[in-house]
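*Asks:* run.cif is the file, holding mmCIF, C-alpha atoms and all ligand atoms:
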```
data_coords
loop_
_atom_site.label_atom_id
_atom_site.label_comp_id
_atom_site.auth_asym_id
_atom_site.auth_seq_id
_atom_site.Cartn_x
_atom_site.Cartn_y
_atom_site.Cartn_z
CA MET A 9 0.00 0.00 0.00
CA LYS A 10 2.82 2.34 0.98
CA GLY A 11 4.54 1.54 -2.35
CA ILE A 12 1.41 2.33 -4.36
CA LEU A 13 0.94 5.65 -2.53
CA HIS A 14 4.59 6.50 -3.13
CA ARG A 15 4.24 5.78 -6.87
CA LEU A 16 1.03 7.85 -7.05
CA VAL A 17 2.72 10.82 -5.37
CA ASN A 18 5.70 10.51 -7.73
CA ALA A 19 3.41 10.20 -10.76
CA GLN A 20 1.64 13.40 -9.69
CA ARG A 21 4.99 15.10 -9.40
CA GLY A 22 5.93 13.75 -12.84
CA GLU A 23 8.72 11.63 -11.34
CA THR A 24 9.38 7.97 -12.01
CA LYS A 25 11.10 5.72 -9.51
CA GLU A 26 14.54 4.74 -10.77
CA ASP A 27 14.66 0.99 -10.43
CA ASN A 28 16.45 -1.70 -12.38
CA LYS A 29 13.59 -2.49 -14.73
CA THR A 30 11.92 0.81 -15.59
CA GLU A 31 14.31 3.04 -17.40
CA PRO A 32 13.53 6.76 -17.47
CA GLY A 33 12.16 8.53 -20.56
CA GLU A 34 15.52 10.23 -21.14
CA ILE A 35 16.89 7.05 -22.70
CA ALA A 36 14.62 7.37 -25.74
CA LEU A 37 15.99 10.90 -26.21
CA LEU A 38 19.58 9.69 -25.87
CA ASP A 39 19.15 7.09 -28.60
CA SER A 40 20.05 9.66 -31.27
CA TYR A 41 23.35 10.39 -29.43
CA SER A 42 24.49 6.76 -29.58
CA MET A 43 25.46 4.21 -32.19
CA SER A 44 24.28 1.39 -29.94
CA GLY A 45 20.49 1.36 -30.26
CA ILE A 46 17.80 1.61 -27.65
CA ARG A 47 17.86 -1.98 -26.40
CA VAL A 48 21.57 -1.80 -25.68
CA LEU A 49 21.06 1.52 -23.89
CA GLN A 50 18.30 -0.04 -21.78
CA LYS A 51 20.64 -2.85 -20.77
CA LEU A 52 23.45 -0.39 -19.95
CA TYR A 53 21.00 1.51 -17.76
CA SER A 54 20.11 -1.69 -15.90
CA LEU A 55 23.80 -2.49 -15.36
CA GLY A 56 24.28 0.98 -13.86
CA ARG A 57 21.31 0.44 -11.55
CA ASP A 58 22.73 -2.93 -10.56
CA ILE A 59 25.91 -1.22 -9.38
CA VAL A 60 23.84 1.16 -7.27
CA THR A 61 21.60 -1.58 -5.86
CA ARG A 62 24.60 -3.64 -4.82
CA ASN A 63 26.33 -0.57 -3.30
CA ILE A 64 29.48 -1.02 -5.35
CA PRO A 65 31.81 1.91 -4.61
CA GLY A 66 33.59 3.90 -7.31
CA ASP A 67 33.04 6.11 -10.32
CA PHE A 68 31.91 5.40 -13.86
CA VAL A 69 34.51 5.46 -16.65
CA GLU A 70 33.76 5.34 -20.36
CA CYS A 71 36.54 4.92 -22.94
CA GLY A 72 35.06 5.78 -26.35
CA VAL A 73 32.34 8.37 -25.85
CA CYS A 74 31.77 9.76 -29.36
CA ASN A 75 28.56 11.82 -28.98
CA GLY A 76 27.80 10.71 -25.44
CA GLY A 77 24.71 8.49 -25.86
CA SER A 78 25.90 5.46 -23.91
CA ALA A 79 27.78 7.61 -21.37
CA ALA A 80 24.72 9.76 -20.61
CA THR A 81 22.51 6.67 -20.36
CA ILE A 82 24.74 5.11 -17.71
CA ALA A 83 25.02 8.52 -16.03
CA CYS A 84 21.19 8.55 -15.79
CA SER A 85 21.36 5.40 -13.70
CA LEU A 86 23.88 7.00 -11.32
CA ARG A 87 22.08 10.29 -10.63
CA SER A 88 22.20 11.44 -7.01
CA THR A 89 24.57 8.65 -5.98
CA GLY A 90 27.66 10.85 -5.57
CA LYS A 91 29.46 8.84 -8.25
CA ARG A 92 31.52 10.85 -10.71
CA VAL A 93 31.74 10.19 -14.44
CA TRP A 94 35.00 10.16 -16.44
CA LEU A 95 34.68 10.39 -20.21
CA TYR A 96 37.59 9.63 -22.57
CA ASP A 97 37.64 10.24 -26.31
CA SER A 98 39.89 11.74 -28.98
CA PHE A 99 36.93 13.54 -30.58
CA GLN A 100 38.93 12.93 -33.77
CA GLY A 101 37.50 9.49 -34.50
CA VAL A 102 39.22 6.16 -34.07
CA PRO A 103 42.97 5.87 -34.75
CA ASN A 104 44.31 3.63 -37.51
CA PRO A 105 43.51 -0.01 -36.83
CA ALA A 106 46.34 -2.56 -36.61
CA GLU A 107 46.65 -5.83 -38.51
CA ILE A 108 45.11 -7.72 -35.59
CA ASP A 109 41.89 -5.71 -36.04
CA GLY A 110 41.29 -7.51 -39.34
CA ASP A 111 40.99 -6.46 -42.99
CA TYR A 112 37.45 -5.16 -42.61
CA ALA A 113 38.58 -2.62 -39.97
CA ALA A 114 41.03 -0.90 -42.35
CA GLN A 115 38.36 1.20 -44.06
CA PHE A 116 37.26 2.73 -40.72
CA ALA A 117 40.43 4.66 -39.80
CA GLY A 118 39.30 8.07 -38.53
CA ALA A 119 35.64 7.04 -38.38
CA TRP A 120 33.15 8.04 -35.66
CA VAL A 121 34.20 11.58 -34.89
CA GLY A 122 32.26 12.64 -31.82
CA GLY A 123 31.48 16.18 -30.68
CA LEU A 124 32.28 17.54 -27.27
CA GLU A 125 29.25 19.85 -27.31
CA ARG A 126 27.02 16.90 -28.24
CA VAL A 127 28.34 15.04 -25.20
CA LYS A 128 27.56 17.98 -22.93
CA HIS A 129 24.09 18.17 -24.43
CA ALA A 130 23.53 14.46 -23.82
CA MET A 131 24.64 14.87 -20.19
CA ARG A 132 22.13 17.70 -19.81
CA ILE A 133 19.38 15.40 -21.13
CA ALA A 134 20.53 12.89 -18.51
CA ARG A 135 20.22 15.67 -15.90
CA PHE A 136 23.70 14.82 -14.68
CA PRO A 137 25.35 17.79 -12.92
CA ASP A 138 28.20 19.49 -14.86
CA GLU A 139 30.45 19.47 -11.80
CA ASP A 140 30.19 15.68 -11.45
CA TYR A 141 31.66 14.69 -14.79
CA ILE A 142 35.05 15.13 -16.42
CA ILE A 143 35.71 14.99 -20.15
CA ARG A 144 39.26 13.95 -21.07
CA ALA A 145 39.59 14.93 -24.73
CA GLY A 146 42.59 13.46 -26.57
CA TRP A 147 44.21 10.13 -27.40
CA PHE A 148 44.07 7.52 -24.64
CA LYS A 149 47.87 7.20 -24.67
CA ASP A 150 48.03 10.85 -23.51
CA THR A 151 44.89 11.32 -21.41
CA PHE A 152 45.40 8.12 -19.42
CA HIS A 153 48.50 9.82 -17.95
CA LEU A 154 46.34 12.53 -16.36
CA PRO A 155 44.96 11.93 -12.84
CA LEU A 156 42.60 8.93 -12.88
CA PRO A 157 39.66 7.96 -10.67
CA GLU A 158 40.84 6.06 -7.58
CA LEU A 159 38.07 3.48 -7.73
CA VAL A 160 35.76 2.47 -10.58
CA SER A 161 32.38 0.76 -10.22
CA ILE A 162 31.54 0.50 -13.90
CA LEU A 163 34.00 0.56 -16.80
CA HIS A 164 32.46 0.80 -20.27
CA ILE A 165 34.94 0.28 -23.09
CA ASP A 166 33.57 1.20 -26.52
CA ALA A 167 36.80 1.88 -28.42
CA ASP A 168 36.72 -0.74 -31.21
CA TRP A 169 40.39 -1.55 -31.83
CA TYR A 170 42.81 -3.94 -30.17
CA ASP A 171 45.30 -1.29 -28.98
CA SER A 172 42.61 1.02 -27.60
CA VAL A 173 40.73 -1.73 -25.76
CA LEU A 174 43.88 -3.31 -24.32
CA LEU A 175 45.19 0.05 -23.13
CA ALA A 176 41.85 0.81 -21.47
CA LEU A 177 41.83 -2.57 -19.70
CA ASN A 178 45.45 -2.22 -18.59
CA THR A 179 44.83 1.30 -17.31
CA PHE A 180 41.56 0.83 -15.44
CA TYR A 181 41.03 -2.83 -14.57
CA ASP A 182 43.01 -2.72 -11.33
CA ARG A 183 40.92 0.27 -10.23
CA VAL A 184 37.62 -1.58 -10.72
CA ALA A 185 36.14 -2.44 -7.32
CA GLU A 186 35.35 -6.04 -6.41
CA GLY A 187 31.79 -6.56 -7.68
CA GLY A 188 32.23 -3.78 -10.26
CA ILE A 189 31.25 -4.30 -13.90
CA VAL A 190 33.43 -4.21 -17.03
CA VAL A 191 31.52 -3.84 -20.32
CA LEU A 192 33.09 -4.42 -23.73
CA ASP A 193 30.92 -2.94 -26.44
CA ASP A 194 32.74 -4.49 -29.39
CA PHE A 195 33.28 -8.10 -28.37
CA GLY A 196 31.12 -9.58 -31.12
CA HIS A 197 31.62 -6.87 -33.71
CA TRP A 198 35.36 -6.31 -33.86
CA GLU A 199 37.92 -9.08 -33.78
CA GLY A 200 40.51 -6.71 -32.29
CA CYS A 201 38.38 -6.04 -29.22
CA ARG A 202 37.92 -9.76 -28.67
CA GLU A 203 41.65 -10.43 -29.11
CA ALA A 204 42.45 -7.66 -26.62
CA PHE A 205 40.12 -9.28 -24.10
CA TYR A 206 41.67 -12.74 -24.54
CA ASP A 207 45.23 -11.38 -24.38
CA PHE A 208 44.41 -9.34 -21.28
CA ILE A 209 42.85 -12.20 -19.33
CA SER A 210 45.61 -14.56 -20.33
CA GLN A 211 48.36 -12.11 -19.28
CA ARG A 212 46.58 -11.61 -15.92
CA HIS A 213 45.56 -15.27 -15.47
CA LEU A 214 41.91 -14.19 -15.15
CA ARG A 215 38.95 -16.39 -16.05
CA PRO A 216 35.96 -14.01 -15.95
CA LEU A 217 32.40 -15.25 -16.18
CA LEU A 218 31.53 -13.52 -19.46
CA GLU A 219 27.92 -12.45 -20.08
CA ARG A 220 26.65 -11.39 -23.50
CA PHE A 221 23.84 -9.12 -24.70
CA GLY A 222 22.95 -7.80 -28.13
CA HIS A 223 25.04 -9.00 -31.07
CA THR A 224 28.27 -7.51 -29.78
CA GLN A 225 28.27 -6.53 -26.09
CA ALA A 226 29.93 -8.57 -23.36
CA PHE A 227 30.40 -7.85 -19.69
CA TRP A 228 31.56 -9.44 -16.48
CA VAL A 229 31.31 -8.74 -12.79
CA LYS A 230 34.75 -8.58 -11.22
CA GLY A 231 35.20 -11.46 -8.81
CA ARG A 232 31.92 -13.26 -9.66
CA THR A 233 32.60 -16.94 -10.19
CA ASN A 234 29.10 -18.31 -10.86
CA ASN A 235 25.49 -17.27 -11.43
CA ARG A 236 23.81 -19.63 -8.98
CA GLU A 237 22.17 -16.73 -7.13
CA PHE A 238 20.12 -16.07 -10.29
CA SER A 239 18.84 -19.63 -10.45
CA GLY A 240 15.33 -19.69 -11.94
CA LYS A 241 15.49 -16.03 -12.97
CA TRP A 242 15.61 -14.93 -16.57
CA GLU A 243 18.12 -12.13 -16.76
CA ILE A 244 21.31 -11.01 -15.06
CA PRO A 245 21.06 -8.56 -13.37
CA GLU A 246 17.28 -8.07 -13.10
C1 LIG A 301 32.08 3.50 -31.58
S1 LIG A 301 32.57 5.04 -30.98
C2 LIG A 301 31.82 5.16 -29.37
C3 LIG A 301 30.32 5.16 -29.42
C4 LIG A 301 29.62 5.70 -28.20
N1 LIG A 301 29.96 5.00 -26.99
C5 LIG A 301 28.11 5.71 -28.42
O1 LIG A 301 27.33 5.63 -27.46
O2 LIG A 301 27.68 5.86 -29.58
C6 LIG A 301 34.26 4.77 -30.58
C7 LIG A 301 34.97 5.98 -30.04
O3 LIG A 301 36.21 5.57 -29.50
C8 LIG A 301 37.14 6.64 -29.65
N2 LIG A 301 38.50 6.06 -29.59
C9 LIG A 301 38.90 4.82 -30.02
N3 LIG A 301 40.20 4.64 -29.77
C10 LIG A 301 40.65 5.78 -29.15
C11 LIG A 301 41.91 6.18 -28.62
N4 LIG A 301 43.01 5.40 -28.70
N5 LIG A 301 42.00 7.41 -28.03
C12 LIG A 301 40.91 8.20 -27.94
N6 LIG A 301 39.68 7.87 -28.43
C13 LIG A 301 39.55 6.68 -29.04
C14 LIG A 301 36.77 7.25 -31.00
O4 LIG A 301 37.14 8.61 -31.08
C15 LIG A 301 35.25 7.05 -31.07
O5 LIG A 301 34.55 8.23 -30.73
#
```
As structure tokens, what does this structure read like?
*Replies:*
Amino acid sequence: MKGILHRLVNAQRGETKEDNKTEPGEIALLDSYSMSGIRVLQKLYSLGRDIVTRNIPGDFVECGVCNGGSAATIACSLRSTGKRVWLYDSFQGVPNPAEIDGDYAAQFAGAWVGGLERVKHAMRIARFPDEDYIIRAGWFKDTFHLPLPELVSILHIDADWYDSVLLALNTFYDRVAEGGIVVLDDFGHWEGCREAFYDFISQRHLRPLLERFGHTQAFWVKGRTNNREFSGKWEIPE
């Protein structure tokens, strides 16, 4: 009864409760700022909420922001939590791919040039306070030398190529809190991303429990060794 009253009061105020299943209306608006598509954005939102529900400490880092659609969607899920958001992108498109990225990648050198103002606009749609996010514009090899977040709760890597993905993992993985989430956007789409993942886990002797969604995304929860707690449930996390 209390819950129903609470929802009625919020509905009158025009507010929706931010839970793991009902994503806010902003996500539909952010779709045009992202290359990922609405269903992927909805899943990213639910991963962000999962971090909050499980009280995982640390900030949100995105490597490969472009126009800010996925970043602002995850930021939506972290509103009013005190978590800060760190956004990394060249804003000059992707660098040249290497041989390991495959022949198909060669034609995309310099593709996906994002706009800093578009990112700020997306963050305004997400109603995420200006003072709580940092945009690091430039190549990862330079910007990753600037001060980094101490602790990361969710690391979203959407940077396509082997070198970019591996550098992002090497730079941030040790800062991801136990129970934090690492998302690879390009696992199924780009061979280089997948190779970077396999090289990284083999160098570190890690054996993460990899989850998939969409045709390309993969993620894992740091330290999680099995999904028995979800027994009988459909999706992880709910
Ligand atoms: C596919 S786009 C990101 C899409 C975005 N997350 C979205 O929601 O649509 C990949 C981005 O990664 C950036 N990127 C890739 N490698 C990079 C590097 N080494 N340094 C800086 N930016 C890089 C590119 O500039 C590009 O904007």
*Asks:* Could you pull the residues within 9 Å of range 177-194 of chain A, counting all atoms listed in the file, minus those fewer than 6 positions along the same chain, as a ChimeraX atom specification?
*Replies:* /A:44,52,55-56,59,62,64-67,69,152,156-169,200-202,204-205,208,224-232
*Asks:* Measuring between only C-alpha atoms and all ligand atoms, which one of A:Phe221, A:Phe68, A:Tyr53, A:Phe99 shows the shortest distance to ligand LIG 301 (chain A)?
*Replies:*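 Closest to ligand LIG 301 (chain A) of all the choices is A:Phe99.
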*Asks:* Quote the spacing between CA of Val93 in chain A and CA of Thr81 in chain A in Å to one decimal place.
*Replies:*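 About the pair CA of Val93 in chain A and CA of Thr81 in chain A: they are 11.5 Å apart.
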*Asks:* 9 Å from ligand LIG 301 (chain A) is the threshold here; counting all atoms listed in the file, which polymer residues fall inside it? Answer as a PyMOL selection string.
*Replies:* chain A and resi 38-45+49+70-81+96-104+118-123+145-151+164-173+175-176+193-194
*Asks:* How many Å lie between CA of Glu139 in chain A and CA of Leu86 in chain A, rounded to one decimal?
*Replies:*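 Taking CA of Glu139 in chain A as the start and CA of Leu86 in chain A as the end point, the length is 14.1 Å.
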*Asks:* Which residue gives the smallest distance to Ala36 in chain A among A:Thr233, A:His213, A:Ile82, A:Gln50, with all atoms listed in the file counted?
*Replies:*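 The closest residue to Ala36 in chain A is A:Gln50.
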*Asks:* When distances are computed from all atoms listed in the file, which of A:Arg135, A:His129, A:Leu37, A:Thr89 shows the smallest separation from Arg57 in chain A?
*Replies:*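 The shortest atom-to-atom distance to Arg57 in chain A comes from A:Thr89.
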*Asks:* Enter the distance from CA of Gly196 in chain A to CA of Gly222 in chain A, in Å, rounded to one decimal.
*Replies:*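 Between these atoms lies a distance of 8.9 Å.
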*Asks:* Which one of A:Glu125, A:Asn234, A:Ile244, A:Pro32 sits closest to Arg215 in chain A if you count all atoms listed in the file?
*Replies:* A:Asn234
*Asks:* I'd like to know which of A:Arg132, A:Ala117, A:Gln211, A:Asn63 is closest to Ala83 in chain A, using all atoms listed in the file.
*Replies:* A:Arg132
*Asks:* Please rebuild range 221-244 of chain A with N, CA and C atoms and give the result as a PDB file, keeping the file's coordinate frame.
*Replies:*
```
ATOM      1  N   PHE A 221      25.154  -9.641 -24.312  1.00  0.00           N
ATOM      2  CA  PHE A 221      23.840  -9.120 -24.700  1.00  0.00           C
ATOM      3  C   PHE A 221      23.986  -8.432 -26.042  1.00  0.00           C
ATOM      4  N   GLY A 222      22.873  -8.345 -26.780  1.00  0.00           N
ATOM      5  CA  GLY A 222      22.950  -7.800 -28.130  1.00  0.00           C
ATOM      6  C   GLY A 222      23.867  -8.654 -28.993  1.00  0.00           C
ATOM      7  N   HIS A 223      24.191  -8.181 -30.186  1.00  0.00           N
ATOM      8  CA  HIS A 223      25.040  -9.000 -31.070  1.00  0.00           C
ATOM      9  C   HIS A 223      26.514  -8.828 -30.753  1.00  0.00           C
ATOM     10  N   THR A 224      26.841  -7.808 -29.949  1.00  0.00           N
ATOM     11  CA  THR A 224      28.270  -7.510 -29.780  1.00  0.00           C
ATOM     12  C   THR A 224      28.722  -7.333 -28.337  1.00  0.00           C
ATOM     13  N   GLN A 225      27.826  -6.895 -27.439  1.00  0.00           N
ATOM     14  CA  GLN A 225      28.270  -6.530 -26.090  1.00  0.00           C
ATOM     15  C   GLN A 225      28.589  -7.757 -25.222  1.00  0.00           C
ATOM     16  N   ALA A 226      29.582  -7.560 -24.364  1.00  0.00           N
ATOM     17  CA  ALA A 226      29.930  -8.570 -23.360  1.00  0.00           C
ATOM     18  C   ALA A 226      30.276  -7.823 -22.074  1.00  0.00           C
ATOM     19  N   PHE A 227      30.000  -8.478 -20.949  1.00  0.00           N
ATOM     20  CA  PHE A 227      30.400  -7.850 -19.690  1.00  0.00           C
ATOM     21  C   PHE A 227      30.689  -8.925 -18.659  1.00  0.00           C
ATOM     22  N   TRP A 228      31.397  -8.533 -17.613  1.00  0.00           N
ATOM     23  CA  TRP A 228      31.560  -9.440 -16.480  1.00  0.00           C
ATOM     24  C   TRP A 228      31.623  -8.637 -15.198  1.00  0.00           C
ATOM     25  N   VAL A 229      31.287  -9.340 -14.115  1.00  0.00           N
ATOM     26  CA  VAL A 229      31.310  -8.740 -12.790  1.00  0.00           C
ATOM     27  C   VAL A 229      32.604  -9.203 -12.139  1.00  0.00           C
ATOM     28  N   LYS A 230      33.434  -8.240 -11.756  1.00  0.00           N
ATOM     29  CA  LYS A 230      34.750  -8.580 -11.220  1.00  0.00           C
ATOM     30  C   LYS A 230      34.597  -9.452  -9.960  1.00  0.00           C
ATOM     31  N   GLY A 231      35.220 -10.588  -9.981  1.00  0.00           N
ATOM     32  CA  GLY A 231      35.200 -11.460  -8.810  1.00  0.00           C
ATOM     33  C   GLY A 231      34.051 -12.466  -8.790  1.00  0.00           C
ATOM     34  N   ARG A 232      33.053 -12.311  -9.687  1.00  0.00           N
ATOM     35  CA  ARG A 232      31.920 -13.260  -9.660  1.00  0.00           C
ATOM     36  C   ARG A 232      32.344 -14.564 -10.333  1.00  0.00           C
ATOM     37  N   THR A 233      32.125 -15.661  -9.649  1.00  0.00           N
ATOM     38  CA  THR A 233      32.600 -16.940 -10.190  1.00  0.00           C
ATOM     39  C   THR A 233      31.478 -17.835 -10.701  1.00  0.00           C
ATOM     40  N   ASN A 234      30.218 -17.500 -10.373  1.00  0.00           N
ATOM     41  CA  ASN A 234      29.100 -18.310 -10.860  1.00  0.00           C
ATOM     42  C   ASN A 234      27.829 -17.479 -10.776  1.00  0.00           C
ATOM     43  N   ASN A 235      26.764 -17.983 -11.421  1.00  0.00           N
ATOM     44  CA  ASN A 235      25.490 -17.270 -11.430  1.00  0.00           C
ATOM     45  C   ASN A 235      24.405 -18.008 -10.649  1.00  0.00           C
ATOM     46  N   ARG A 236      24.813 -18.820  -9.677  1.00  0.00           N
ATOM     47  CA  ARG A 236      23.810 -19.630  -8.980  1.00  0.00           C
ATOM     48  C   ARG A 236      22.767 -18.775  -8.261  1.00  0.00           C
ATOM     49  N   GLU A 237      23.152 -17.568  -7.836  1.00  0.00           N
ATOM     50  CA  GLU A 237      22.170 -16.730  -7.130  1.00  0.00           C
ATOM     51  C   GLU A 237      21.006 -16.323  -8.030  1.00  0.00           C
ATOM     52  N   PHE A 238      21.187 -16.448  -9.356  1.00  0.00           N
ATOM     53  CA  PHE A 238      20.120 -16.070 -10.290  1.00  0.00           C
ATOM     54  C   PHE A 238      19.296 -17.280 -10.732  1.00  0.00           C
ATOM     55  N   SER A 239      19.505 -18.389 -10.078  1.00  0.00           N
ATOM     56  CA  SER A 239      18.840 -19.630 -10.450  1.00  0.00           C
ATOM     57  C   SER A 239      17.329 -19.419 -10.586  1.00  0.00           C
ATOM     58  N   GLY A 240      16.767 -19.820 -11.729  1.00  0.00           N
ATOM     59  CA  GLY A 240      15.330 -19.690 -11.940  1.00  0.00           C
ATOM     60  C   GLY A 240      14.903 -18.312 -12.412  1.00  0.00           C
ATOM     61  N   LYS A 241      15.846 -17.363 -12.490  1.00  0.00           N
ATOM     62  CA  LYS A 241      15.490 -16.030 -12.970  1.00  0.00           C
ATOM     63  C   LYS A 241      15.946 -15.907 -14.425  1.00  0.00           C
ATOM     64  N   TRP A 242      15.349 -14.990 -15.139  1.00  0.00           N
ATOM     65  CA  TRP A 242      15.610 -14.930 -16.570  1.00  0.00           C
ATOM     66  C   TRP A 242      16.889 -14.162 -16.915  1.00  0.00           C
ATOM     67  N   GLU A 243      17.049 -13.003 -16.281  1.00  0.00           N
ATOM     68  CA  GLU A 243      18.120 -12.130 -16.760  1.00  0.00           C
ATOM     69  C   GLU A 243      19.082 -11.730 -15.656  1.00  0.00           C
ATOM     70  N   ILE A 244      20.295 -11.394 -16.032  1.00  0.00           N
ATOM     71  CA  ILE A 244      21.310 -11.010 -15.060  1.00  0.00           C
ATOM     72  C   ILE A 244      21.839  -9.621 -15.432  1.00  0.00           C
TER      73      ILE A 244
END
```
